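Written out below as structure tokens is the structure these notes cover.
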Amino acid sequence: MTIISNNDIAQAIYLSSKDKTGHELSLFLVRVVKFLDRKRFLGRANDVLFRLKKIINREHGIIEAKISSVTKLHEETKKDIIHTLKKRYEAREIILLESLDERLLGGIKIEANDEIIDASLKNKINKLQEYLIRKV
Amino acid sequence: MSHNPIVENLKREIENFSSQIKAEKVGHVLEVFDGIAKVSGLSDIKSSEMVTFPNGENGVVLNLEEDTVGVIILDDFSKIQEGDEVKATGKILEIPVSDNIIGRVVGALGAPIDGKGVIKADKTYPIEKVAPGVITRLSVSEPVSTGIKVIDAIIPIGRGQRELIIGDRQTGKTAIAIDTILNQKGQNLICIYVSIGQKDSKLRKLQTCLEEGGAMAYTVIVSAGASLPAPLLYIAPYTGVSIAEYFMDQGKDVLIIYDDLSKHAVSYREISLLLRRPPGREAFPGDVFYLHSRLLERACRRNKEYGGGSITALPIIETQAGDVTAYIPTNVISITDGQIFLETDLFYKGIRPAVNVGLSVSRVGSSAQIKAMKKVAGTLKLDLAQYRELEAFAQFGSDLDEATKKQLERGKRAVEVLKQPQYAPIKIEHQIVTLYALTKGYMDDVPINKIKEFEQGLTDYSERKAKVFYKQVVEKKMWDERGEEELKKVIEDFKKTFN
């Protein structure tokens, strides 16, 4: 028996619901919940929703980027980052999820699309440490 | 301005340092257990790619699943936590190699563990490599002299051959491997001993034995002890063969011993089951054959155009109650170019090395055997086979004809001659003299309990007296009429003094 993965369920929900709106969509979502219940998949609902969000973002060219910095970023800087990321990932929209992290000491750290661009002071110091204690 | 040289040096180093910001592929640890980590993310990772964990631990990707990646951790995994960042390196696992590794004991990743300081590495070699192709190979024609009479005479091993040593526990498998290493002094053969899942006490004993025999001057020991996690046991033989390839690429001949591949298969089974790969026969995963075939295929003899050199492999397999039809033994038997089968019964009968001549075979080694040995050993296997048959038959009847009695007596003496103590390898020319005396019937009237004494005396005496014969065997690998006449005379003279 093949195992239905959460990704398969999310993909199926997305494909079946993408042309539906309003009442039709509501009815469909009720059917989805009933299906998950019947198949005893409700325990997986959180992960399915997470994957559904990922699929929708990918289909619509939306990328979520986590940005960590020591202090709050200026609007100008954010615009620059969004512009750079849009170009890098050929995305239509970038959603910035900001957070403050004092451990970075300075600079910023961006996490998007399974990639990390670490321009923090902490990372630079770590790299310097690696360089100084390298085996010659 | 400071004039402290340390500070100045540090300043200069910092000035030279430049760091570029680059995007790194990362994932996050979902779960970690028993040397295995499940990682999310790492979308573009390849199979067998190396990854690094935050505290510098290394891992290798084995499973690529839809949502997660299964990683084996090659260091202490106790510090890795859920949510830790895992970075892809874009490289497959490599080990440091250099000529300075000879005489050292290294771990499964090539790092020294003998407390003799760091090994300065010249370069790194990938642990996984495709075996040399058919165009680059040469057939086996040069012998590996083991110094063990029964092997050199009946189951000869050639450079580039893969000869399995198989038998139950405590039958002398490792002893054959060690004797072979000890006999390589001055033979232009670098030896690599890979210990997989063995007790550290056994390894220490072995190392001492090799040191005392002066064999560490051309030997490397790769050890993944029994206390280490399964991923390191799985990696160790590949590390060993990578070191061997480093020397082969310099055109040198290498002998590698895997002690033992049963434990290697067990460690791979453990990893596979933890990674939730489907179990097959004896719960081994489906690719356990490939695990060993890709390892042993890297043993080869390369032709001159492709740099020459060879890797001879002696894998060891431990059987349970002499069952060679179990899964792993049959796999490795089919991969290798022959096997040396050791039996408990023979061992306890005092026939040591306890080689079962009937079941042991060398499929390619005979073309590597020197002519002189081929000539004296030609009839030996047949003699022994006939003896065994007659021995069983003779138990039922007392009246035997003269010819049968003679054959039985010859067989008994052959068995006696092929006995050999541990750590006492014998020079090939001495072996030839002894076997010549045996097969030509010079030992037929020597009492069985005096065979060893006769053999020892004959080799000492003939080395002094049969100078032409010895010279011919060493230089031309064969004797001519003059040499043979001299040897015959020397044996007859010796017999007179012996009696």
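Following the order of the structure tokens, chains are lettered A, B, ..., residues in each are numbered from 1, and ligands are numbered from 1.
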Please provide as a PDB file with N, CA and C atoms, in the first residue's frame all residues within 9 Å of B:Ile127, with the sequence filter that same-chain residues fewer than 2 positions apart are discarded (counting only C-alpha atoms).
```
ATOM      1  N   ILE B  92      31.416  15.675  -1.626  1.00  0.00           N
ATOM      2  CA  ILE B  92      31.217  14.380  -0.987  1.00  0.00           C
ATOM      3  C   ILE B  92      32.343  14.181   0.032  1.00  0.00           C
ATOM      4  N   LEU B  93      32.133  13.295   0.961  1.00  0.00           N
ATOM      5  CA  LEU B  93      33.060  13.144   2.086  1.00  0.00           C
ATOM      6  C   LEU B  93      34.478  12.829   1.605  1.00  0.00           C
ATOM      7  N   GLU B  94      35.428  13.565   2.158  1.00  0.00           N
ATOM      8  CA  GLU B  94      36.832  13.360   1.771  1.00  0.00           C
ATOM      9  C   GLU B  94      37.669  13.109   3.003  1.00  0.00           C
ATOM     10  N   ILE B  95      38.777  12.405   2.813  1.00  0.00           N
ATOM     11  CA  ILE B  95      39.689  12.160   3.939  1.00  0.00           C
ATOM     12  C   ILE B  95      41.078  12.682   3.575  1.00  0.00           C
ATOM     13  N   TYR B 125      41.223  12.830  -0.463  1.00  0.00           N
ATOM     14  CA  TYR B 125      40.664  11.864  -1.422  1.00  0.00           C
ATOM     15  C   TYR B 125      39.210  11.599  -1.053  1.00  0.00           C
ATOM     16  N   LYS B 129      34.306   6.416  -4.757  1.00  0.00           N
ATOM     17  CA  LYS B 129      34.855   6.655  -6.088  1.00  0.00           C
ATOM     18  C   LYS B 129      34.409   5.496  -6.973  1.00  0.00           C
ATOM     19  N   ILE B 235      31.737   3.667   7.327  1.00  0.00           N
ATOM     20  CA  ILE B 235      32.647   4.492   6.522  1.00  0.00           C
ATOM     21  C   ILE B 235      34.057   3.886   6.458  1.00  0.00           C
ATOM     22  N   TYR B 238      35.769   2.217   3.383  1.00  0.00           N
ATOM     23  CA  TYR B 238      35.893   3.143   2.245  1.00  0.00           C
ATOM     24  C   TYR B 238      37.073   4.094   2.475  1.00  0.00           C
ATOM     25  N   THR B 239      37.270   4.473   3.746  1.00  0.00           N
ATOM     26  CA  THR B 239      38.434   5.296   4.081  1.00  0.00           C
ATOM     27  C   THR B 239      39.709   4.513   3.765  1.00  0.00           C
ATOM     28  N   GLY B 240      39.722   3.250   4.162  1.00  0.00           N
ATOM     29  CA  GLY B 240      40.892   2.402   3.919  1.00  0.00           C
ATOM     30  C   GLY B 240      41.215   2.306   2.437  1.00  0.00           C
ATOM     31  N   VAL B 241      40.210   2.072   1.631  1.00  0.00           N
ATOM     32  CA  VAL B 241      40.462   1.894   0.192  1.00  0.00           C
ATOM     33  C   VAL B 241      40.851   3.234  -0.451  1.00  0.00           C
ATOM     34  N   SER B 242      40.375   4.349   0.100  1.00  0.00           N
ATOM     35  CA  SER B 242      40.795   5.659  -0.427  1.00  0.00           C
ATOM     36  C   SER B 242      42.280   5.887  -0.157  1.00  0.00           C
ATOM     37  N   ILE B 243      42.734   5.487   1.039  1.00  0.00           N
ATOM     38  CA  ILE B 243      44.167   5.602   1.350  1.00  0.00           C
ATOM     39  C   ILE B 243      44.945   4.696   0.386  1.00  0.00           C
TER      40      ILE B 243
END
```
- [ ] Kindly determine which residues of chain B lie within 6 Å of chain A, considering only C-alpha atoms, and give the answer as a count of residues only.
- [x] 5
Task: For B:Lys116: contacts at 12 Å, only C-alpha atoms, fewer than 6 positions along chain excluded, given as a ChimeraX atom specification - done: /B:100-101,103-106
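Distance-wise, atom CA of A:Leu52 and atom CA of A:Ala65 end up 17.3 Å apart.
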Open item on the list: Report as a ChimeraX atom specification all protein, DNA and RNA residues lying within 12 Å of stretch 392-406 of chain B, evaluated on only C-alpha atoms, omitting residues in the same chain fewer than 3 positions from it.
Closed with: /B:383,385-389,409-413,441,443-445
Using N, CA and C atoms, can you export the residues from the last selection as a short mmCIF file (atom, residue, chain, number, x, y, z; two decimals), in the first residue's frame?
```
data_model
loop_
_atom_site.label_atom_id
_atom_site.label_comp_id
_atom_site.auth_asym_id
_atom_site.auth_seq_id
_atom_site.Cartn_x
_atom_site.Cartn_y
_atom_site.Cartn_z
N ASP B 383 47.05 -34.68 -4.42
CA ASP B 383 47.51 -35.61 -3.38
C ASP B 383 46.65 -35.51 -2.13
N ALA B 385 43.62 -34.21 -1.84
CA ALA B 385 42.23 -34.61 -2.09
C ALA B 385 42.12 -36.14 -2.05
N GLN B 386 43.08 -36.83 -2.71
CA GLN B 386 43.07 -38.29 -2.72
C GLN B 386 43.25 -38.84 -1.31
N TYR B 387 44.14 -38.19 -0.57
CA TYR B 387 44.41 -38.62 0.81
C TYR B 387 43.13 -38.56 1.65
N ARG B 388 42.40 -37.45 1.50
CA ARG B 388 41.19 -37.29 2.30
C ARG B 388 40.15 -38.37 1.96
N GLU B 389 40.07 -38.67 0.68
CA GLU B 389 39.11 -39.68 0.24
C GLU B 389 39.51 -41.06 0.80
N GLU B 409 50.31 -42.49 3.41
CA GLU B 409 51.50 -42.00 4.11
C GLU B 409 51.94 -40.64 3.56
N ARG B 410 51.91 -40.51 2.22
CA ARG B 410 52.28 -39.25 1.57
C ARG B 410 51.34 -38.11 2.02
N GLY B 411 50.03 -38.46 2.07
CA GLY B 411 49.02 -37.47 2.48
C GLY B 411 49.26 -36.99 3.89
N LYS B 412 49.55 -37.94 4.79
CA LYS B 412 49.79 -37.58 6.19
C LYS B 412 50.96 -36.61 6.29
N ARG B 413 51.99 -36.90 5.50
CA ARG B 413 53.17 -36.03 5.53
C ARG B 413 52.87 -34.66 4.92
N GLY B 441 58.93 -37.42 -2.85
CA GLY B 441 58.96 -38.62 -2.02
C GLY B 441 60.14 -38.72 -1.07
N MET B 443 60.41 -37.42 1.74
CA MET B 443 59.96 -37.43 3.14
C MET B 443 59.20 -38.70 3.49
N ASP B 444 58.99 -39.57 2.48
CA ASP B 444 58.14 -40.75 2.70
C ASP B 444 58.64 -41.65 3.83
N ASP B 445 59.95 -41.70 4.01
CA ASP B 445 60.47 -42.58 5.07
C ASP B 445 60.83 -41.81 6.34
#
```
Return as a JSON list (two decimals) with N, CA and C atoms, in the first residue's frame the full set of residues in stretch 50-149 of chain B whose backbone-based DSSP assignment is helix (DSSP H, G or I).
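Produced file out06.json, reproduced below:
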```json
[["chain", "number", "residue", "atom", "x", "y", "z"],
["B", 99, "ASP", "N", 51.88, 10.64, 2.44],
["B", 99, "ASP", "CA", 52.82, 9.53, 2.65],
["B", 99, "ASP", "C", 53.10, 9.33, 4.13],
["B", 100, "ASN", "N", 52.91, 10.41, 4.91],
["B", 100, "ASN", "CA", 53.22, 10.33, 6.35],
["B", 100, "ASN", "C", 52.25, 9.44, 7.12],
["B", 101, "ILE", "N", 51.20, 8.99, 6.45],
["B", 101, "ILE", "CA", 50.20, 8.16, 7.12],
["B", 101, "ILE", "C", 50.74, 6.74, 7.40],
["B", 134, "VAL", "N", 37.42, -1.15, -17.24],
["B", 134, "VAL", "CA", 38.06, -2.33, -17.80],
["B", 134, "VAL", "C", 39.29, -1.96, -18.65],
["B", 135, "ILE", "N", 39.26, -0.80, -19.28],
["B", 135, "ILE", "CA", 40.36, -0.36, -20.15],
["B", 135, "ILE", "C", 41.64, -0.12, -19.33],
["B", 136, "THR", "N", 41.44, 0.33, -18.09],
["B", 136, "THR", "CA", 42.60, 0.71, -17.28],
["B", 136, "THR", "C", 43.23, -0.49, -16.58],
["B", 149, "LYS", "N", 52.60, -21.59, 3.78],
["B", 149, "LYS", "CA", 52.84, -22.61, 2.75],
["B", 149, "LYS", "C", 51.56, -23.03, 2.04]]
```
